[in-house]
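> So I've got this file, start_35.tsv, and it contains TSV, C-alpha atoms and all ligand atoms:
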chain	number	residue	atom	x	y	z
A	776	MET	CA	0.00	0.00	0.00
A	777	VAL	CA	1.39	3.42	-0.96
A	778	THR	CA	0.30	6.38	1.15
A	779	VAL	CA	-0.42	9.69	-0.55
A	780	VAL	CA	-0.15	12.85	1.57
A	781	LEU	CA	-2.99	15.31	0.98
A	782	GLU	CA	-1.71	18.81	1.69
A	783	GLY	CA	-4.43	21.33	2.32
A	784	PHE	CA	-8.19	21.60	2.27
A	785	HIS	CA	-8.60	21.35	-1.50
A	786	ALA	CA	-6.56	18.17	-1.78
A	787	VAL	CA	-8.58	16.55	1.01
A	788	LYS	CA	-11.83	17.82	-0.52
A	789	HIS	CA	-11.08	16.35	-3.96
A	790	ALA	CA	-9.93	13.02	-2.56
A	791	LEU	CA	-13.10	12.76	-0.47
A	792	ARG	CA	-15.26	13.75	-3.43
A	793	PHE	CA	-13.76	11.38	-6.00
A	794	ALA	CA	-12.41	8.49	-3.94
A	795	PRO	CA	-13.82	8.60	-0.41
A	796	ASP	CA	-12.98	4.96	0.26
A	797	LEU	CA	-9.27	5.65	-0.25
A	798	VAL	CA	-9.04	8.45	2.31
A	799	ASP	CA	-7.52	7.12	5.54
A	800	THR	CA	-7.04	10.18	7.73
A	801	VAL	CA	-8.17	13.79	7.92
A	802	THR	CA	-6.34	16.09	10.34
A	803	VAL	CA	-7.60	19.57	11.18
A	804	ARG	CA	-6.09	22.33	13.29
A	805	SER	CA	-9.51	23.40	14.52
A	806	LEU	CA	-12.76	21.50	14.13
A	807	SER	CA	-14.86	24.65	14.05
A	808	ALA	CA	-12.64	26.35	11.44
A	809	ALA	CA	-12.67	23.21	9.27
A	810	ALA	CA	-16.46	22.99	9.58
A	811	ALA	CA	-16.81	26.61	8.47
A	812	LEU	CA	-14.43	26.09	5.52
A	813	ALA	CA	-16.23	22.95	4.41
A	814	ALA	CA	-19.66	24.57	4.73
A	815	GLU	CA	-18.48	27.47	2.59
A	816	LEU	CA	-16.39	25.67	-0.05
A	817	ALA	CA	-17.52	22.05	-0.18
A	818	PRO	CA	-20.84	21.36	1.52
A	819	ASP	CA	-21.11	18.08	-0.47
A	820	VAL	CA	-18.20	16.56	1.45
A	821	ALA	CA	-18.51	18.46	4.73
A	822	GLY	CA	-20.13	15.52	6.51
A	823	LEU	CA	-17.47	13.07	5.30
A	824	LEU	CA	-14.65	15.43	6.23
A	825	LEU	CA	-15.91	16.14	9.73
A	826	ALA	CA	-16.75	12.51	10.43
A	827	ARG	CA	-13.09	11.58	9.89
A	828	ALA	CA	-11.48	14.73	11.26
A	829	VAL	CA	-9.04	14.44	14.13
A	830	GLN	CA	-7.76	17.64	15.73
A	831	ALA	CA	-3.97	18.06	15.76
A	832	ALA	CA	-1.24	20.39	14.53
A	833	VAL	CA	-1.41	20.95	10.76
A	834	ASP	CA	1.38	22.65	8.84
A	835	HIS	CA	-0.76	24.05	6.01
A	836	PRO	CA	-2.36	27.49	5.75
A	837	THR	CA	-5.85	25.98	5.36
A	838	GLY	CA	-5.42	24.02	8.60
A	839	VAL	CA	-6.43	20.76	6.91
A	840	SER	CA	-4.39	17.78	5.72
A	841	GLY	CA	-4.88	14.08	5.24
A	842	THR	CA	-3.63	10.81	3.87
A	843	ALA	CA	-5.07	8.44	1.31
A	844	ARG	CA	-4.15	5.18	-0.36
A	845	ARG	CA	-2.89	5.29	-3.93
A	846	PRO	CA	-5.41	3.57	-6.24
A	847	THR	CA	-4.45	0.59	-8.39
A	848	ALA	CA	-3.36	1.88	-11.80
A	849	ASP	CA	-6.18	1.57	-14.36
A	850	THR	CA	-4.21	0.60	-17.46
A	851	SER	CA	-7.36	0.11	-19.58
A	852	VAL	CA	-7.26	3.79	-20.62
A	853	LEU	CA	-4.04	3.11	-22.53
A	854	SER	CA	-5.88	0.92	-25.00
A	855	SER	CA	-9.46	2.20	-25.15
A	856	ARG	CA	-11.29	5.35	-24.10
A	857	THR	CA	-14.20	7.68	-24.82
A	858	SER	CA	-12.36	10.92	-24.04
A	859	PRO	CA	-8.75	11.88	-24.76
A	860	LEU	CA	-5.85	10.42	-22.80
A	861	VAL	CA	-3.06	12.88	-22.01
A	862	VAL	CA	0.50	11.58	-22.21
A	863	LEU	CA	3.38	13.62	-20.81
A	864	ASP	CA	6.56	12.74	-22.67
A	865	ASP	CA	9.40	12.76	-20.12
A	866	PRO	CA	8.30	15.79	-18.08
A	867	ARG	CA	10.89	17.18	-15.63
A	868	HIS	CA	8.99	19.58	-13.38
A	869	PRO	CA	6.55	17.97	-10.93
A	870	GLY	CA	4.52	21.18	-10.71
A	871	ASN	CA	3.86	21.09	-14.46
A	872	ALA	CA	2.72	17.48	-14.24
A	873	GLY	CA	0.44	18.35	-11.32
A	874	ALA	CA	-1.08	21.27	-13.22
A	875	ALA	CA	-1.61	19.01	-16.26
A	876	ILE	CA	-3.41	16.45	-14.07
A	877	ARG	CA	-5.61	19.19	-12.66
A	878	VAL	CA	-6.70	20.43	-16.08
A	879	ALA	CA	-7.07	16.86	-17.41
A	880	ALA	CA	-9.52	16.19	-14.57
A	881	ALA	CA	-11.37	19.44	-15.19
A	882	ALA	CA	-11.75	18.92	-18.94
A	883	GLY	CA	-12.88	15.31	-18.59
A	884	ALA	CA	-9.86	13.48	-19.99
A	885	SER	CA	-9.97	9.69	-19.61
A	886	GLY	CA	-6.62	9.69	-17.82
A	887	LEU	CA	-3.09	11.00	-17.75
A	888	ALA	CA	-0.01	8.86	-18.28
A	889	VAL	CA	3.67	9.73	-17.92
A	890	VAL	CA	6.44	8.29	-20.07
A	891	GLY	CA	9.88	8.66	-18.48
A	892	THR	CA	11.36	8.82	-15.03
A	893	LEU	CA	9.02	11.24	-13.23
A	894	ASP	CA	6.75	9.44	-10.76
A	895	PRO	CA	3.25	10.78	-11.54
A	896	TRP	CA	2.29	10.11	-7.89
A	897	GLY	CA	5.33	11.85	-6.40
A	898	ALA	CA	4.57	14.23	-3.53
A	899	SER	CA	5.33	17.37	-5.53
A	900	VAL	CA	3.09	16.23	-8.39
A	901	VAL	CA	0.22	15.52	-6.00
A	902	ARG	CA	0.77	18.97	-4.47
A	903	GLY	CA	0.34	20.54	-7.91
A	904	SER	CA	-2.91	18.76	-8.76
A	905	ALA	CA	-4.86	19.84	-5.65
A	906	GLY	CA	-5.83	16.22	-5.04
A	907	LEU	CA	-7.32	15.72	-8.52
A	908	HIS	CA	-5.17	12.61	-8.96
A	909	PHE	CA	-8.19	10.88	-7.42
A	910	ALA	CA	-10.55	12.06	-10.19
A	911	LEU	CA	-9.05	10.08	-13.09
A	912	PRO	CA	-6.48	7.33	-13.75
A	913	VAL	CA	-2.94	8.68	-13.34
A	914	LEU	CA	-0.20	6.23	-14.24
A	915	ALA	CA	3.20	5.60	-15.77
A	916	CYS	CA	3.41	3.91	-19.17
A	917	ALA	CA	5.72	3.06	-22.06
A	918	VAL	CA	5.31	4.19	-25.67
A	919	VAL	CA	4.52	0.62	-26.76
A	920	ASP	CA	1.52	0.51	-24.39
A	921	LEU	CA	-0.36	3.22	-26.31
A	922	ARG	CA	-3.24	2.32	-28.63
A	923	GLY	CA	-5.40	4.65	-30.71
A	924	PRO	CA	-4.78	7.82	-32.71
A	925	VAL	CA	-1.73	9.56	-31.30
A	926	LEU	CA	-1.74	13.34	-31.73
A	927	ALA	CA	1.59	14.78	-30.64
A	928	LEU	CA	1.73	18.47	-29.81
A	929	ASP	CA	4.60	20.51	-31.19
A	930	ALA	CA	4.79	24.17	-32.12
A	931	GLY	CA	6.14	23.18	-35.55
A	932	GLY	CA	3.25	20.82	-36.42
A	933	SER	CA	0.14	21.31	-38.55
A	934	ARG	CA	-2.59	23.52	-37.13
A	935	LEU	CA	-4.77	21.67	-34.63
A	936	GLY	CA	-8.12	20.57	-36.08
A	937	VAL	CA	-10.69	18.19	-34.63
A	938	VAL	CA	-9.48	16.16	-31.66
A	939	PRO	CA	-11.08	12.70	-31.72
A	940	ASP	CA	-12.71	11.44	-28.53
A	941	ASP	CA	-10.28	8.52	-28.38
A	942	ALA	CA	-7.17	10.60	-29.06
A	943	VAL	CA	-3.91	10.17	-27.22
A	944	LEU	CA	-2.65	13.75	-26.76
A	945	VAL	CA	1.11	13.77	-26.26
A	946	VAL	CA	2.90	16.79	-24.83
A	947	GLY	CA	6.69	17.02	-24.88
A	948	SER	CA	9.13	17.88	-22.12
A	949	GLU	CA	9.85	21.41	-20.96
A	950	ARG	CA	13.37	21.59	-22.36
A	951	HIS	CA	13.54	19.14	-25.22
A	952	GLY	CA	9.98	18.87	-26.53
A	953	LEU	CA	8.86	15.57	-28.07
A	954	SER	CA	11.16	12.59	-27.75
A	955	PRO	CA	12.17	10.73	-30.93
A	956	GLY	CA	10.18	7.67	-29.78
A	957	LEU	CA	6.88	9.48	-29.37
A	958	ARG	CA	7.42	11.60	-32.46
A	959	ALA	CA	7.87	8.38	-34.44
A	960	ARG	CA	4.73	6.86	-32.87
A	961	ALA	CA	2.58	9.92	-33.64
A	962	ASP	CA	-0.15	9.67	-36.27
A	963	GLU	CA	-0.20	13.47	-36.46
A	964	VAL	CA	1.98	16.28	-35.11
A	965	ILE	CA	-0.23	19.24	-34.32
A	966	ALA	CA	0.36	22.85	-33.30
A	967	LEU	CA	-1.56	25.40	-31.25
A	968	PRO	CA	-1.19	28.60	-33.24
A	969	MET	CA	0.81	31.32	-31.54
A	970	ARG	CA	1.62	34.93	-32.25
A	971	GLU	CA	4.91	35.48	-34.09
A	972	GLY	CA	7.88	35.75	-31.74
A	973	VAL	CA	6.50	33.38	-29.08
A	974	SER	CA	8.39	30.10	-29.18
A	975	SER	CA	6.22	27.82	-27.04
A	976	LEU	CA	3.53	27.47	-24.41
A	977	ASN	CA	4.11	26.00	-20.99
A	978	LEU	CA	3.52	22.24	-20.98
A	979	ALA	CA	0.37	22.37	-18.83
A	980	THR	CA	-0.99	25.31	-20.81
A	981	ALA	CA	-0.59	23.28	-24.01
A	982	VAL	CA	-2.49	20.40	-22.37
A	983	ALA	CA	-5.25	22.81	-21.34
A	984	ALA	CA	-5.59	24.38	-24.79
A	985	ALA	CA	-5.72	21.02	-26.61
A	986	LEU	CA	-8.17	19.46	-24.15
A	987	TYR	CA	-10.50	22.44	-24.23
A	988	ALA	CA	-10.32	22.52	-28.04
A	989	TRP	CA	-11.74	18.99	-27.80
A	990	ARG	CA	-14.24	19.70	-25.05
A	991	LEU	CA	-15.66	22.91	-26.51
A	992	THR	CA	-16.20	21.47	-29.98
A	993	GLY	CA	-17.73	18.19	-28.86
A	994	PRO	CA	-21.43	17.29	-28.82
A	1001	LIG	C1	7.70	24.19	-23.13
A	1001	LIG	S1	7.24	23.27	-24.52
A	1001	LIG	C2	8.77	22.63	-25.10
A	1001	LIG	C3	9.60	23.58	-25.82
A	1001	LIG	C4	10.84	22.90	-26.33
A	1001	LIG	N1	11.96	23.77	-26.22
A	1001	LIG	C5	10.69	22.40	-27.75
A	1001	LIG	O1	11.68	22.39	-28.43
A	1001	LIG	O2	9.63	21.97	-28.17
A	1001	LIG	C6	6.53	21.81	-23.85
A	1001	LIG	C7	5.57	21.12	-24.76
A	1001	LIG	O3	4.37	21.86	-24.84
A	1001	LIG	C8	3.77	21.63	-26.11
A	1001	LIG	N2	3.61	22.92	-26.79
A	1001	LIG	C9	4.05	24.11	-26.36
A	1001	LIG	N3	3.68	25.07	-27.24
A	1001	LIG	C10	2.99	24.45	-28.22
A	1001	LIG	C11	2.32	24.89	-29.39
A	1001	LIG	N4	2.26	26.16	-29.74
A	1001	LIG	N5	1.70	23.97	-30.17
A	1001	LIG	C12	1.70	22.68	-29.81
A	1001	LIG	N6	2.32	22.20	-28.73
A	1001	LIG	C13	2.95	23.07	-27.93
A	1001	LIG	C14	4.67	20.69	-26.88
A	1001	LIG	O4	4.24	19.39	-26.73
A	1001	LIG	C15	6.00	20.92	-26.19
A	1001	LIG	O5	6.85	19.81	-26.37
Would you write the structure of this file as structure tokens?


Amino acid sequence: MVTVVLEGFHAVKHALRFAPDLVDTVTVRSLSAAAALAAELAPDVAGLLLARAVQAAVDHPTGVSGTARRPTADTSVLSSRTSPLVVLDDPRHPGNAGAAIRVAAAAGASGLAVVGTLDPWGASVVRGSAGLHFALPVLACAVVDLRGPVLALDAGGSRLGVVPDDAVLVVGSERHGLSPGLRARADEVIALPMREGVSSLNLATAVAAALYAWRLTGP
């Protein structure tokens, strides 16, 4: 069993909302302050949060923290899906991966997979997603595991058109962009148009733009 630390009210809130059975502990600095925060920001999980809350010192500005169990990796999204799968190609910055997970959850992606050495469940990645790791499958994978139309994002590609529901959307690393392996696997290399003089978008911003291009043009 791998324990995931939930830092802050929003991380605890999302874990309780999307995977309540995996949440093991909720610690609050003050029961009354946590009750007020939950009533204001998340009345849907206020009961769950307070039922598990234990009062103790909490080193987070919101006064709330917790722990949860890491879910078993759902590898089915690598082979079939009804909404795009995001693949991060050797990302280096945990905060970028966390932000990509957060927007993947918001836009309704089927999952997010990481190729390379970054652990997608590392503490700094979880910190960046505000607990939205629990809203969709988040896993590591290899290029050979991927099935379906692979659309690789690169500023030098063809202008982005329709994103199929079953697309695999690949985003390259911060420094080096797409790896040769994923570029070779891509069915299409697509670009998000940018004003002249701008060389690239941030990795998580590119994920957001591509996913919302899909979401806003869908049925
Ligand atoms: C910070 S960029 C990488 C820049 C890198 N120096 C390069 O050579 O590509 C990280 C990733 O975001 C995606 N990206 C950024 N801007 C993009 C754009 N305008 N169109 C498509 N993808 C983009 C690409 O997948 C890129 O590999």

> Can you sort out the box for segment 909-919 of chain A, edges along x, y and z, all listed atoms in, 6 Å on every side, with centre and edge lengths in Å to one decimal, as JSON?


{"center_x": -2.4, "center_y": 6.3, "center_z": -17.1, "size_x": 28.3, "size_y": 23.4, "size_z": 31.3}

> Give me, as a PyMOL selection string, the set of residues whose atoms come within 10 Å of any atom of ligand LIG 1001 (chain A), counting all atoms listed in the file.

chain A and resi 862-866+871+926-935+944-954+964-970+973-982+984-985

> Return the single residue from A:Ala794, A:Ala826, A:Leu991, A:Ala848 that is closest to Gly883 of chain A, with distances computed using all atoms listed in the file.

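For Gly883 of chain A, the nearest of the given residues is A:Leu991.
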
> Interatomic distance between atom CA of Gly841 of chain A and atom CA of Arg827 of chain A?

9.8 Å

> What separation in Å, quoted to one decimal, exists between atom CA of Leu816 of chain A and atom CA of Leu907 of chain A?

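Result for atom CA of Leu816 of chain A versus atom CA of Leu907 of chain A: 15.9 Å, one decimal.
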
> So, with all atoms listed in the file as the atoms that count, which of A:Ser885, A:Thr850, A:Ser855, A:Ser807 lies closest to Ala821 of chain A?

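For Ala821 of chain A, the nearest of the given residues is A:Ser807.
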
> For atom CA of Val889 of chain A and atom CA of Leu914 of chain A, determine how far apart the two atoms are, in Å to one decimal place.

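If I compute the distance from atom CA of Val889 of chain A to atom CA of Leu914 of chain A, I get 6.4 Å.
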
> With distances taken over all atoms listed in the file, which of A:Val878, A:Gly822, A:Leu812, A:Gly897 is nearest to Thr778 of chain A?

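Of the candidates, the smallest distance to Thr778 of chain A is held by A:Gly897.
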
> Taking the point (0.9, 3.6, -4.2) as given in the file, collect each protein or nucleic acid residue that comes within 9 Å of it, counting all atoms listed in the file, and present the set as a ChimeraX atom specification.

/A:776-779,844-848,896

> Just the selected residues (C-alpha atoms), exported as a PDB file, in the frame of the given file, please.


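Generated file (part17.pdb):
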ATOM      1  CA  MET A 776       0.000   0.000   0.000  1.00  0.00           C
ATOM      2  CA  VAL A 777       1.390   3.420  -0.960  1.00  0.00           C
ATOM      3  CA  THR A 778       0.300   6.380   1.150  1.00  0.00           C
ATOM      4  CA  VAL A 779      -0.420   9.690  -0.550  1.00  0.00           C
ATOM      5  CA  ARG A 844      -4.150   5.180  -0.360  1.00  0.00           C
ATOM      6  CA  ARG A 845      -2.890   5.290  -3.930  1.00  0.00           C
ATOM      7  CA  PRO A 846      -5.410   3.570  -6.240  1.00  0.00           C
ATOM      8  CA  THR A 847      -4.450   0.590  -8.390  1.00  0.00           C
ATOM      9  CA  ALA A 848      -3.360   1.880 -11.800  1.00  0.00           C
ATOM     10  CA  TRP A 896       2.290  10.110  -7.890  1.00  0.00           C
TER      11      TRP A 896
END

> Rank nothing, just name the residue among A:Gly783, A:Pro795, A:Pro924, A:Gly903 nearest to Asp940 of chain A, using all atoms listed in the file.

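Nearest to Asp940 of chain A: A:Pro924.
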
> Taking all atoms listed in the file into account, name the residue in A:Ser805, A:Thr892, A:Thr992, A:Thr842 that is nearest to Val829 of chain A.

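Smallest separation from Val829 of chain A among the options: A:Ser805.
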